[in-house]
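coords-v3.txt follows (compact mmCIF, C-alpha atoms):
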```txt
# COMPACT_ATOMS: atom_id res chain seq x y z
CA MET A 1 -1.56 74.81 -13.16
CA ALA A 2 -1.07 72.96 -16.44
CA TYR A 3 -1.79 69.28 -16.84
CA SER A 4 1.17 67.19 -17.98
CA GLN A 5 0.39 63.78 -19.38
CA ILE A 6 2.43 60.84 -18.11
CA LEU A 7 3.34 58.28 -20.75
CA ARG A 8 1.42 55.03 -20.42
CA ARG A 9 4.44 52.69 -20.25
CA SER A 10 5.95 54.94 -17.60
CA ARG A 11 2.69 55.03 -15.67
CA ASP A 12 2.43 51.22 -15.84
CA GLU A 13 6.05 50.99 -14.62
CA LYS A 14 7.12 49.08 -17.73
CA THR A 15 9.67 51.53 -19.16
CA ASN A 16 12.20 53.82 -17.53
CA TYR A 17 12.60 56.32 -20.38
CA LYS A 18 15.65 58.06 -18.90
CA LYS A 19 17.51 54.75 -18.64
CA ARG A 20 16.35 53.74 -22.10
CA ARG A 21 17.50 57.01 -23.67
CA HIS A 22 20.99 56.53 -22.25
CA LEU A 23 20.99 52.94 -23.45
CA LEU A 24 20.01 53.90 -27.01
CA MET A 25 22.50 56.75 -27.17
CA GLY A 26 25.27 54.26 -26.37
CA ARG A 27 24.39 52.27 -29.54
CA ARG A 28 25.41 48.98 -27.93
CA ASN A 29 23.61 45.68 -27.92
CA PHE A 30 21.70 45.06 -24.71
CA ILE A 31 20.52 42.11 -22.66
CA THR A 32 17.08 41.76 -21.09
CA VAL A 33 16.17 39.12 -18.51
CA GLN A 34 12.52 38.44 -17.71
CA ILE A 35 11.59 36.06 -14.93
CA SER A 36 7.94 35.05 -14.75
CA ASN A 37 6.13 32.80 -12.31
CA GLU A 38 7.36 29.67 -14.09
CA ASN A 39 10.09 30.51 -16.61
CA THR A 40 13.14 32.62 -17.42
CA LEU A 41 13.60 34.43 -20.73
CA VAL A 42 16.93 35.96 -21.79
CA GLN A 43 17.20 38.03 -24.96
CA ILE A 44 19.99 40.01 -26.60
CA HIS A 45 18.74 43.01 -28.60
CA LYS A 46 20.20 45.45 -31.07
CA PRO A 47 18.64 48.95 -30.91
CA GLU A 48 17.41 50.26 -34.27
CA MET A 49 15.30 53.23 -35.36
CA GLU A 50 12.32 51.06 -36.33
CA GLY A 51 12.47 49.14 -33.05
CA ASP A 52 14.72 46.78 -31.17
CA LYS A 53 15.87 43.73 -33.13
CA VAL A 54 16.29 40.46 -31.21
CA LEU A 55 19.68 38.92 -32.03
CA SER A 56 19.35 35.83 -29.86
CA SER A 57 16.84 34.48 -27.41
CA ALA A 58 16.71 31.60 -24.94
CA HIS A 59 13.81 30.33 -22.88
CA SER A 60 14.10 28.07 -19.85
CA ARG A 61 11.62 25.61 -21.41
CA SER A 62 14.40 24.58 -23.79
CA LEU A 63 16.32 23.21 -20.78
CA LEU A 64 13.74 20.43 -20.46
CA THR A 65 14.99 18.83 -23.70
CA LYS A 66 18.52 18.76 -22.25
CA GLY A 67 17.54 16.83 -19.13
CA TRP A 68 16.62 19.61 -16.70
CA LYS A 69 14.43 18.64 -13.76
CA GLY A 70 12.81 21.02 -11.32
CA SER A 71 12.06 24.73 -11.34
CA ARG A 72 12.75 26.72 -14.50
CA LYS A 73 13.01 30.01 -12.63
CA SER A 74 15.68 29.04 -10.09
CA ILE A 75 19.20 30.46 -9.97
CA PRO A 76 20.78 27.47 -11.81
CA ALA A 77 18.04 27.56 -14.46
CA ALA A 78 18.61 31.31 -14.96
CA TYR A 79 22.37 30.68 -15.28
CA LEU A 80 21.88 27.96 -17.92
CA THR A 81 19.33 30.03 -19.82
CA GLY A 82 21.81 32.93 -19.91
CA TYR A 83 24.54 30.53 -21.00
CA LEU A 84 22.36 29.27 -23.87
CA ALA A 85 21.49 32.82 -24.96
CA GLY A 86 25.17 33.79 -24.84
CA LYS A 87 26.22 30.82 -26.98
CA LYS A 88 23.51 31.61 -29.53
CA ALA A 89 24.61 35.26 -29.60
CA LEU A 90 28.23 34.27 -30.17
CA ALA A 91 27.14 32.06 -33.07
CA SER A 92 25.29 35.04 -34.61
CA GLY A 93 28.35 37.33 -34.25
CA THR A 94 27.62 39.31 -31.08
CA LYS A 95 30.70 39.95 -28.97
CA ALA A 96 29.65 42.57 -26.39
CA ALA A 97 26.48 43.87 -24.74
CA VAL A 98 25.21 45.68 -21.64
CA LEU A 99 22.49 44.66 -19.20
CA TYR A 100 19.20 46.59 -19.36
CA THR A 101 16.88 45.92 -16.44
CA GLY A 102 14.36 48.68 -17.14
CA THR A 103 12.17 49.11 -14.08
CA ARG A 104 13.02 45.68 -12.63
CA LYS A 105 15.35 45.33 -9.65
CA TYR A 106 18.69 43.57 -10.02
CA THR A 107 18.09 40.22 -8.31
CA GLN A 108 20.20 37.11 -7.80
CA ARG A 109 18.40 35.35 -10.65
CA ILE A 110 19.16 38.22 -13.04
CA ALA A 111 22.77 38.14 -11.82
CA ALA A 112 22.92 34.37 -12.46
CA ALA A 113 21.64 34.84 -16.03
CA LEU A 114 24.22 37.58 -16.55
CA LYS A 115 27.00 35.29 -15.27
CA GLY A 116 25.84 32.62 -17.72
CA ILE A 117 26.11 35.09 -20.59
CA ILE A 118 29.60 36.12 -19.47
CA ASP A 119 30.68 32.47 -19.11
CA ALA A 120 29.44 31.84 -22.66
CA GLY A 121 31.96 34.42 -23.93
CA ILE A 122 30.04 37.68 -24.31
CA GLU A 123 31.79 40.75 -22.90
CA VAL A 124 29.48 42.45 -20.39
CA PRO A 125 30.57 45.11 -17.89
CA ALA A 126 29.67 43.60 -14.51
CA ASP A 127 31.14 43.30 -11.03
CA ALA A 128 31.91 39.71 -10.00
CA GLU A 129 30.90 40.47 -6.40
CA THR A 130 27.25 40.77 -7.43
CA PHE A 131 27.05 37.23 -8.82
CA PRO A 132 25.65 34.35 -6.75
CA SER A 133 28.16 31.91 -5.24
CA GLU A 134 29.24 28.84 -7.21
CA GLU A 135 27.37 26.67 -4.71
CA ARG A 136 24.08 28.39 -5.57
CA ILE A 137 24.77 28.39 -9.32
CA SER A 138 25.47 24.66 -9.26
CA GLY A 139 22.18 24.10 -7.40
CA LYS A 140 23.52 22.39 -4.27
CA HIS A 141 20.95 24.29 -2.20
CA LEU A 142 18.02 22.74 -4.13
CA LYS A 143 16.16 19.52 -3.35
CA VAL A 144 16.08 18.41 -7.00
CA ALA A 145 19.66 17.83 -8.13
CA ASN A 146 20.70 18.56 -11.73
CA GLU A 147 24.05 18.06 -13.40
CA ILE A 148 24.94 21.57 -14.55
CA ASP A 149 28.11 20.50 -16.41
CA LYS A 150 26.21 17.83 -18.38
CA ILE A 151 23.58 20.36 -19.47
CA LYS A 152 26.28 22.93 -20.37
CA SER A 153 28.00 20.37 -22.59
CA ALA A 154 24.64 19.60 -24.25
CA ILE A 155 24.21 23.33 -24.92
CA ASP A 156 27.72 23.57 -26.36
CA SER A 157 27.16 20.62 -28.70
CA GLU A 158 23.76 21.95 -29.81
CA VAL A 159 25.07 25.41 -30.69
CA LYS A 160 28.16 24.03 -32.48
CA SER A 161 26.03 21.69 -34.61
CA LYS A 162 23.88 24.56 -35.94
```

Represent the structure of the file as structure tokens.
Amino acid sequence: MAYSQILRRSRDEKTNYKKRRHLLMGRRNFITVQISNENTLVQIHKPEMEGDKVLSSAHSRSLLTKGWKGSRKSIPAAYLTGYLAGKKALASGTKAAVLYTGTRKYTQRIAAALKGIIDAGIEVPADAETFPSEERISGKHLKVANEIDKIKSAIDSEVKSK
């Protein structure tokens, strides 16, 4: 029996190479959403031969400057971070992208970030049934109340001014 070596990123469950191959063959921009213990990071990439180029990026820490209070990894924070990344991508000329989750599962927070990107104006193929309800996106289920519309208008004015 011959030994077949398993690639390190596959062994560490960081990369699903079959999914990635199909993604790269499509030659479309793609969205990645990473949710850590404290923050949410949304990036829009363009695949290139030398490596993926980041077209726009948004981190949930930037919500603090716009008046956000509370958790930066909640569903409303993921939505606003996706909205900010989508607005930045539109400003840089990106019009369409697909979601790439890699080995991560599709969760409600990833769905909220995706809805934020779609609401910003980026065309992404997604089913509206998978998105969280408007009540959860607006944060009515949380103890710390935030004004989502006020923060969205701050994002819009910031991206337009640049």

Could you tell me which of A:Gln34, A:Ser10, A:Ser62, A:Asn146 comes closest to Lys105 in chain A if we count all atoms listed in the file?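 Of A:Gln34, A:Ser10, A:Ser62, A:Asn146, the one nearest Lys105 in chain A is A:Gln34, counting all atoms listed in the file.
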
Test item: which residues lie within 12 Å of (13.8, 40.4, -7.2) counting only C-alpha atoms, as JSON, numbers by chain: {"A": [33, 34, 35, 36, 37, 73, 74, 75, 101, 103, 104, 105, 106, 107, 108, 109, 110, 111]}

Just the number, please: distance in Å from CA of Asn39 in chain A to CA of Ala77 in chain A, one decimal.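 It comes out at 8.7 Å.
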
Among listed residues A:Gly82, A:Gly139, A:Gly102, A:Pro132, nearest Asp119 in chain A (using all atoms listed in the file):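 Selected residue with least distance to Asp119 in chain A: A:Gly82.
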
Which is closer to Leu84 in chain A than all the others in A:Arg136, A:Lys53, A:Lys160, A:Arg8, using only C-alpha atoms?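 Nearest candidate to Leu84 in chain A out of A:Arg136, A:Lys53, A:Lys160, A:Arg8: A:Lys160.
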
Counting all atoms listed in the file, the option among A:Ser157, A:Thr130, A:Asn16, A:Ser56 closest to Tyr100 in chain A: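 Using all atoms listed in the file, the shortest distance to Tyr100 in chain A belongs to A:Asn16.
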
Between CA of Ala112 in chain A and CA of Ser133 in chain A, measure the distance and give it in Å to one decimal.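 Between CA of Ala112 in chain A and CA of Ser133 in chain A the gap works out to 9.3 Å.
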
Need to verify the contact set: Glu134 in chain A, 12 Å, only C-alpha atoms, exclusion of same-chain residues closer than 6 positions in sequence. Can you return it as a PyMOL selection string? chain A and resi 75-76+79+112+115-116+128+140-141+148

Taking all atoms listed in the file into account, name the residue in A:Ser71, A:Ala58, A:Ala96, A:Ala78 that is nearest to Leu114 in chain A.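 Looking only at the distances to Leu114 in chain A, the closest residue turns out to be A:Ala78.
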
Mind giving me the axis-aligned box for range 94-103 of chain A with 5 Å on every side, centre plus edges in Å to one decimal, as JSON?
```
{"center_x": 21.4, "center_y": 44.2, "center_z": -22.6, "size_x": 28.5, "size_y": 19.8, "size_z": 27.0}
```

For CA of Gly67 in chain A and CA of Thr81 in chain A, determine how far apart the two atoms are, in Å to one decimal place.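 Computed distance, CA of Gly67 in chain A to CA of Thr81 in chain A, equals 13.3 Å.
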
Can you tell me which residues surround Ile122 in chain A at a distance of at most 12 Å, considering all atoms listed in the file, apart from same-chain residues fewer than 2 positions away, and format the answer as a PyMOL selection string? chain A and resi 29-31+44+82-99+114-120+124-126

Restricting the output to C-alpha atoms, write the selected residues as a PDB file, keeping the file's coordinate frame.
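Saved as again.pdb:
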```pdb
ATOM      1  CA  ASN A  29      23.610  45.680 -27.920  1.00  0.00           C
ATOM      2  CA  PHE A  30      21.700  45.060 -24.710  1.00  0.00           C
ATOM      3  CA  ILE A  31      20.520  42.110 -22.660  1.00  0.00           C
ATOM      4  CA  ILE A  44      19.990  40.010 -26.600  1.00  0.00           C
ATOM      5  CA  GLY A  82      21.810  32.930 -19.910  1.00  0.00           C
ATOM      6  CA  TYR A  83      24.540  30.530 -21.000  1.00  0.00           C
ATOM      7  CA  LEU A  84      22.360  29.270 -23.870  1.00  0.00           C
ATOM      8  CA  ALA A  85      21.490  32.820 -24.960  1.00  0.00           C
ATOM      9  CA  GLY A  86      25.170  33.790 -24.840  1.00  0.00           C
ATOM     10  CA  LYS A  87      26.220  30.820 -26.980  1.00  0.00           C
ATOM     11  CA  LYS A  88      23.510  31.610 -29.530  1.00  0.00           C
ATOM     12  CA  ALA A  89      24.610  35.260 -29.600  1.00  0.00           C
ATOM     13  CA  LEU A  90      28.230  34.270 -30.170  1.00  0.00           C
ATOM     14  CA  ALA A  91      27.140  32.060 -33.070  1.00  0.00           C
ATOM     15  CA  SER A  92      25.290  35.040 -34.610  1.00  0.00           C
ATOM     16  CA  GLY A  93      28.350  37.330 -34.250  1.00  0.00           C
ATOM     17  CA  THR A  94      27.620  39.310 -31.080  1.00  0.00           C
ATOM     18  CA  LYS A  95      30.700  39.950 -28.970  1.00  0.00           C
ATOM     19  CA  ALA A  96      29.650  42.570 -26.390  1.00  0.00           C
ATOM     20  CA  ALA A  97      26.480  43.870 -24.740  1.00  0.00           C
ATOM     21  CA  VAL A  98      25.210  45.680 -21.640  1.00  0.00           C
ATOM     22  CA  LEU A  99      22.490  44.660 -19.200  1.00  0.00           C
ATOM     23  CA  LEU A 114      24.220  37.580 -16.550  1.00  0.00           C
ATOM     24  CA  LYS A 115      27.000  35.290 -15.270  1.00  0.00           C
ATOM     25  CA  GLY A 116      25.840  32.620 -17.720  1.00  0.00           C
ATOM     26  CA  ILE A 117      26.110  35.090 -20.590  1.00  0.00           C
ATOM     27  CA  ILE A 118      29.600  36.120 -19.470  1.00  0.00           C
ATOM     28  CA  ASP A 119      30.680  32.470 -19.110  1.00  0.00           C
ATOM     29  CA  ALA A 120      29.440  31.840 -22.660  1.00  0.00           C
ATOM     30  CA  VAL A 124      29.480  42.450 -20.390  1.00  0.00           C
ATOM     31  CA  PRO A 125      30.570  45.110 -17.890  1.00  0.00           C
ATOM     32  CA  ALA A 126      29.670  43.600 -14.510  1.00  0.00           C
TER      33      ALA A 126
END
```

Nearest-residue call for Pro47 in chain A, choices A:Arg20, A:Arg9, A:Lys143, A:Lys69, using only C-alpha atoms: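 Comparing A:Arg20, A:Arg9, A:Lys143, A:Lys69 against Pro47 in chain A, the winner is A:Arg20.
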